[in-house]
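Below is one structure, written out as structure tokens, with a few remarks after it.
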Amino acid sequence: MAPQWLSCSAAVLVLLVHVAPVVTQSSCAAGSPGIPGIPGTHGPNGRDGVKGEKGDAGEAGQPVRGQKGMSGLRGSPGRPGLKGDTGLPGPPGQTGNPGEKGMAFSPSNQQKCIISRKRVIPQVPEIDTAIDFNREILPDLDEQYRGESMTNKTFLCAIKGVYFFSYHISAKSRVCLKLVKGDESHIALCDSSEGFLVTSGSAILDLEVGDIISLQATRYNNIVTSQSSTSHTFTGFLIFPTS
């Protein structure tokens with residue numbers, strides 16, 4: 001408010017200075033033009049005009065490709081992918097060199113070792129004791145085909161090699177047997193039924209000369225002892241020698 005009042009006072013003062021000489025002149029003479037007035041203040045902004053038409057499309061920009069940057073650090077390995085399909089079979093390999101000529105086979109020179117025994121005893125065998133298979137299964141064969149005898153109810157290995165052993169035992173309700181090598185139980189098999197049953201088992205053993213093999217009963221020892229309806233067998237043979 002103060003600046004506006006000062007500007008008005010200054011304008012009146014200037015006007016009086018110029019008017020004073022005019023009063024002193026003759027009243028008949030025409031006065032001189034006055035000085036231009038002071039510009040007024042700015043008026044309020046006008047209203048927005050009508051929206052103009054859409055301009056023409058500009059020129060398409062030209063892509064600028066920069067220089068190739070430096071390679072980044074190697075990332076960590078990804079997870080293994082899924083297993084691929086099986087490839088096609090490869091071509092046949094080259095024929096190998098002929099092997100050395102083998103020795104002629106002679107049955108008379110072949111090492112043999114076999115046991116084939118059955119138990120014909122009316123008593124139940126004792127627990128943890130070798131079962132006595134007291135008879136040969138085929139006693140009418142020549143001596144060379146009958147097989148080895150069992151000393152003290154056990155088989156004594158005389159030829160180092162790999163052997164196959166099997167047994168068949170008739171029992172009632174439940175029975176457990178173990179094939180023993182020396183003092184060590186090699187396998188223990190159990191079987192059970194609501195009535196009578198025939199249980200069997202087999203094993204392959206690598207034996208040294210002097211090893212002792214036996215079949216022993218356990219506390220589950222319901223072996224049938226009737227000689228008229230049952231038989232218990234124990235067999236074994238040398239598959240191949242290893243010496």
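Chain labels A, B, ... are given in the sequence in which chains occur in the structure tokens; within each chain residues are numbered consecutively from 1, and ligands are likewise numbered from 1 in the order shown.
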
**OP:** Quick one: everything within 12 Å of Ser193 (chain A), counting only C-alpha atoms, minus sequence neighbours fewer than 5 positions away in the same chain. Send it as a list in words.
**Re:** Ser170, Ala171, Lys172, Ser173, Arg174, Val175, Val198, Thr199 and Asn222 of chain A

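Near Ser116 (chain A), within 8 Å and counting only C-alpha atoms, sit Glu136, Ile137, Leu138, Arg146, Gly147, Glu148, Thr233, Phe234, Thr235 and Gly236 of chain A, not including residues fewer than 6 positions from it in the same chain.
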
**OP:** Give the helix (DSSP H, G or I) residues of region 141-243 of chain A, as DSSP finds them on the backbone, and put them as a PyMOL selection string.
**Re:** chain A and resi 143-146

Subject >> Which residue of A:Val50, A:Met70, A:Cys190, A:Ile131 approaches Tyr220 (chain A) most closely, using only C-alpha atoms >> reply: A:Cys190

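If you count only C-alpha atoms and ignore residues fewer than 3 places along the chain from Met150 (chain A), what sits within 9 Å of it is Ile115, Arg117, Asp132, Phe133, Asn134, Lys153, Thr154, Phe155 and Leu156 of chain A.
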
Save the residues we just selected, N, CA and C atoms, as a PDB file, in the first residue's frame?
ATOM      1  N   ILE A 115      28.330-134.730  -1.293  1.00  0.00           N
ATOM      2  CA  ILE A 115      27.664-135.420  -0.190  1.00  0.00           C
ATOM      3  C   ILE A 115      26.181-135.482  -0.520  1.00  0.00           C
ATOM      4  N   ARG A 117      23.066-137.137   1.696  1.00  0.00           N
ATOM      5  CA  ARG A 117      22.719-137.936   2.870  1.00  0.00           C
ATOM      6  C   ARG A 117      21.266-137.665   3.284  1.00  0.00           C
ATOM      7  N   ASP A 132      22.431-135.303  12.613  1.00  0.00           N
ATOM      8  CA  ASP A 132      23.042-136.519  12.080  1.00  0.00           C
ATOM      9  C   ASP A 132      22.236-137.006  10.871  1.00  0.00           C
ATOM     10  N   PHE A 133      22.842-136.930   9.673  1.00  0.00           N
ATOM     11  CA  PHE A 133      22.257-137.525   8.469  1.00  0.00           C
ATOM     12  C   PHE A 133      22.986-138.852   8.271  1.00  0.00           C
ATOM     13  N   ASN A 134      22.358-139.910   8.741  1.00  0.00           N
ATOM     14  CA  ASN A 134      23.064-141.172   8.977  1.00  0.00           C
ATOM     15  C   ASN A 134      23.054-142.148   7.799  1.00  0.00           C
ATOM     16  N   LYS A 153      28.939-136.227  12.085  1.00  0.00           N
ATOM     17  CA  LYS A 153      27.736-135.510  11.634  1.00  0.00           C
ATOM     18  C   LYS A 153      28.074-134.242  10.845  1.00  0.00           C
ATOM     19  N   THR A 154      29.305-134.063  10.429  1.00  0.00           N
ATOM     20  CA  THR A 154      29.725-132.852   9.733  1.00  0.00           C
ATOM     21  C   THR A 154      30.432-133.222   8.427  1.00  0.00           C
ATOM     22  N   PHE A 155      30.532-132.214   7.533  1.00  0.00           N
ATOM     23  CA  PHE A 155      31.274-132.378   6.286  1.00  0.00           C
ATOM     24  C   PHE A 155      32.640-131.726   6.452  1.00  0.00           C
ATOM     25  N   LEU A 156      33.699-132.483   6.163  1.00  0.00           N
ATOM     26  CA  LEU A 156      35.064-131.970   6.260  1.00  0.00           C
ATOM     27  C   LEU A 156      35.588-131.696   4.849  1.00  0.00           C
TER      28      LEU A 156
END

Within 7 Å of Ala188 (chain A), counting only C-alpha atoms, which residues show up once you throw out same-chain ones fewer than 6 positions away? Write them as a PDB file with C-alpha atoms, in the first residue's frame, please.
ATOM      1  CA  LEU A 177      17.733-124.220  11.166  1.00  0.00           C
ATOM      2  CA  LYS A 178      21.204-122.794  10.638  1.00  0.00           C
ATOM      3  CA  LEU A 179      24.058-123.731   8.313  1.00  0.00           C
TER       4      LEU A 179
END

**OP:** Excluding Asp206 (chain A) and residues on its chain fewer than 6 positions from it, collect all residues at most 10 Å away from it, counting only C-alpha atoms, and give them as a list in words.
**Re:** Lys160, Gly161, Val162, Tyr163, Phe164, Leu238, Ile239, Phe240, Pro241 and Thr242 of chain A

Original post:
Could you state the separation of CA of Phe237 (chain A) and CA of Gly182 (chain A) in Å, given to one decimal place?
Top reply: 17.6 Å

**OP:** Could you find all residues in region 2-243 of chain A that DSSP calls strand (DSSP E) from the backbone, and write them as an MDAnalysis selection string?
**Re:** chainID A and resid 114:119 135:136 155:156 161:181 184:207 212:223 232:241

Spatial neighbours of Glu184 (chain A), 12 Å, only C-alpha atoms, chain gap at least 4 places, as a PDB file with N, CA and C atoms, in the first residue's frame:
ATOM      1  N   ASP A 128      21.474-126.663  18.841  1.00  0.00           N
ATOM      2  CA  ASP A 128      22.835-126.154  18.606  1.00  0.00           C
ATOM      3  C   ASP A 128      23.855-127.278  18.489  1.00  0.00           C
ATOM      4  N   LYS A 178      20.077-123.644  11.003  1.00  0.00           N
ATOM      5  CA  LYS A 178      21.204-122.794  10.638  1.00  0.00           C
ATOM      6  C   LYS A 178      22.309-123.641  10.029  1.00  0.00           C
ATOM      7  N   LEU A 179      22.916-123.090   8.966  1.00  0.00           N
ATOM      8  CA  LEU A 179      24.058-123.731   8.313  1.00  0.00           C
ATOM      9  C   LEU A 179      25.312-123.112   8.905  1.00  0.00           C
ATOM     10  N   VAL A 180      26.148-123.963   9.498  1.00  0.00           N
ATOM     11  CA  VAL A 180      27.286-123.484  10.298  1.00  0.00           C
ATOM     12  C   VAL A 180      28.585-123.861   9.599  1.00  0.00           C
ATOM     13  N   ALA A 188      20.735-118.540   8.729  1.00  0.00           N
ATOM     14  CA  ALA A 188      19.707-119.088   9.622  1.00  0.00           C
ATOM     15  C   ALA A 188      18.355-118.837   8.961  1.00  0.00           C
ATOM     16  N   ASP A 211      37.960-126.899   6.513  1.00  0.00           N
ATOM     17  CA  ASP A 211      36.726-126.268   6.994  1.00  0.00           C
ATOM     18  C   ASP A 211      35.676-127.338   7.269  1.00  0.00           C
ATOM     19  N   ILE A 212      34.868-127.105   8.306  1.00  0.00           N
ATOM     20  CA  ILE A 212      33.843-128.059   8.724  1.00  0.00           C
ATOM     21  C   ILE A 212      32.466-127.415   8.532  1.00  0.00           C
ATOM     22  N   ILE A 213      31.551-128.132   7.876  1.00  0.00           N
ATOM     23  CA  ILE A 213      30.202-127.642   7.613  1.00  0.00           C
ATOM     24  C   ILE A 213      29.207-128.577   8.292  1.00  0.00           C
ATOM     25  N   SER A 214      28.194-127.964   8.941  1.00  0.00           N
ATOM     26  CA  SER A 214      27.149-128.762   9.588  1.00  0.00           C
ATOM     27  C   SER A 214      25.826-128.012   9.530  1.00  0.00           C
ATOM     28  N   LEU A 215      24.743-128.790   9.620  1.00  0.00           N
ATOM     29  CA  LEU A 215      23.392-128.222   9.717  1.00  0.00           C
ATOM     30  C   LEU A 215      22.914-128.457  11.136  1.00  0.00           C
ATOM     31  N   GLN A 216      22.497-127.377  11.827  1.00  0.00           N
ATOM     32  CA  GLN A 216      22.149-127.488  13.245  1.00  0.00           C
ATOM     33  C   GLN A 216      20.730-127.015  13.498  1.00  0.00           C
TER      34      GLN A 216
END

Subject >> Long-range neighbours of region 120-122 of chain A as number ranges by chain, 8 Å cut-off, only C-alpha atoms, 6 positions minimum in chain >> reply: A: 133-135, 225-227, 231-232

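CA of Ser185 (chain A) is found 12.0 Å from CA of Leu205 (chain A).
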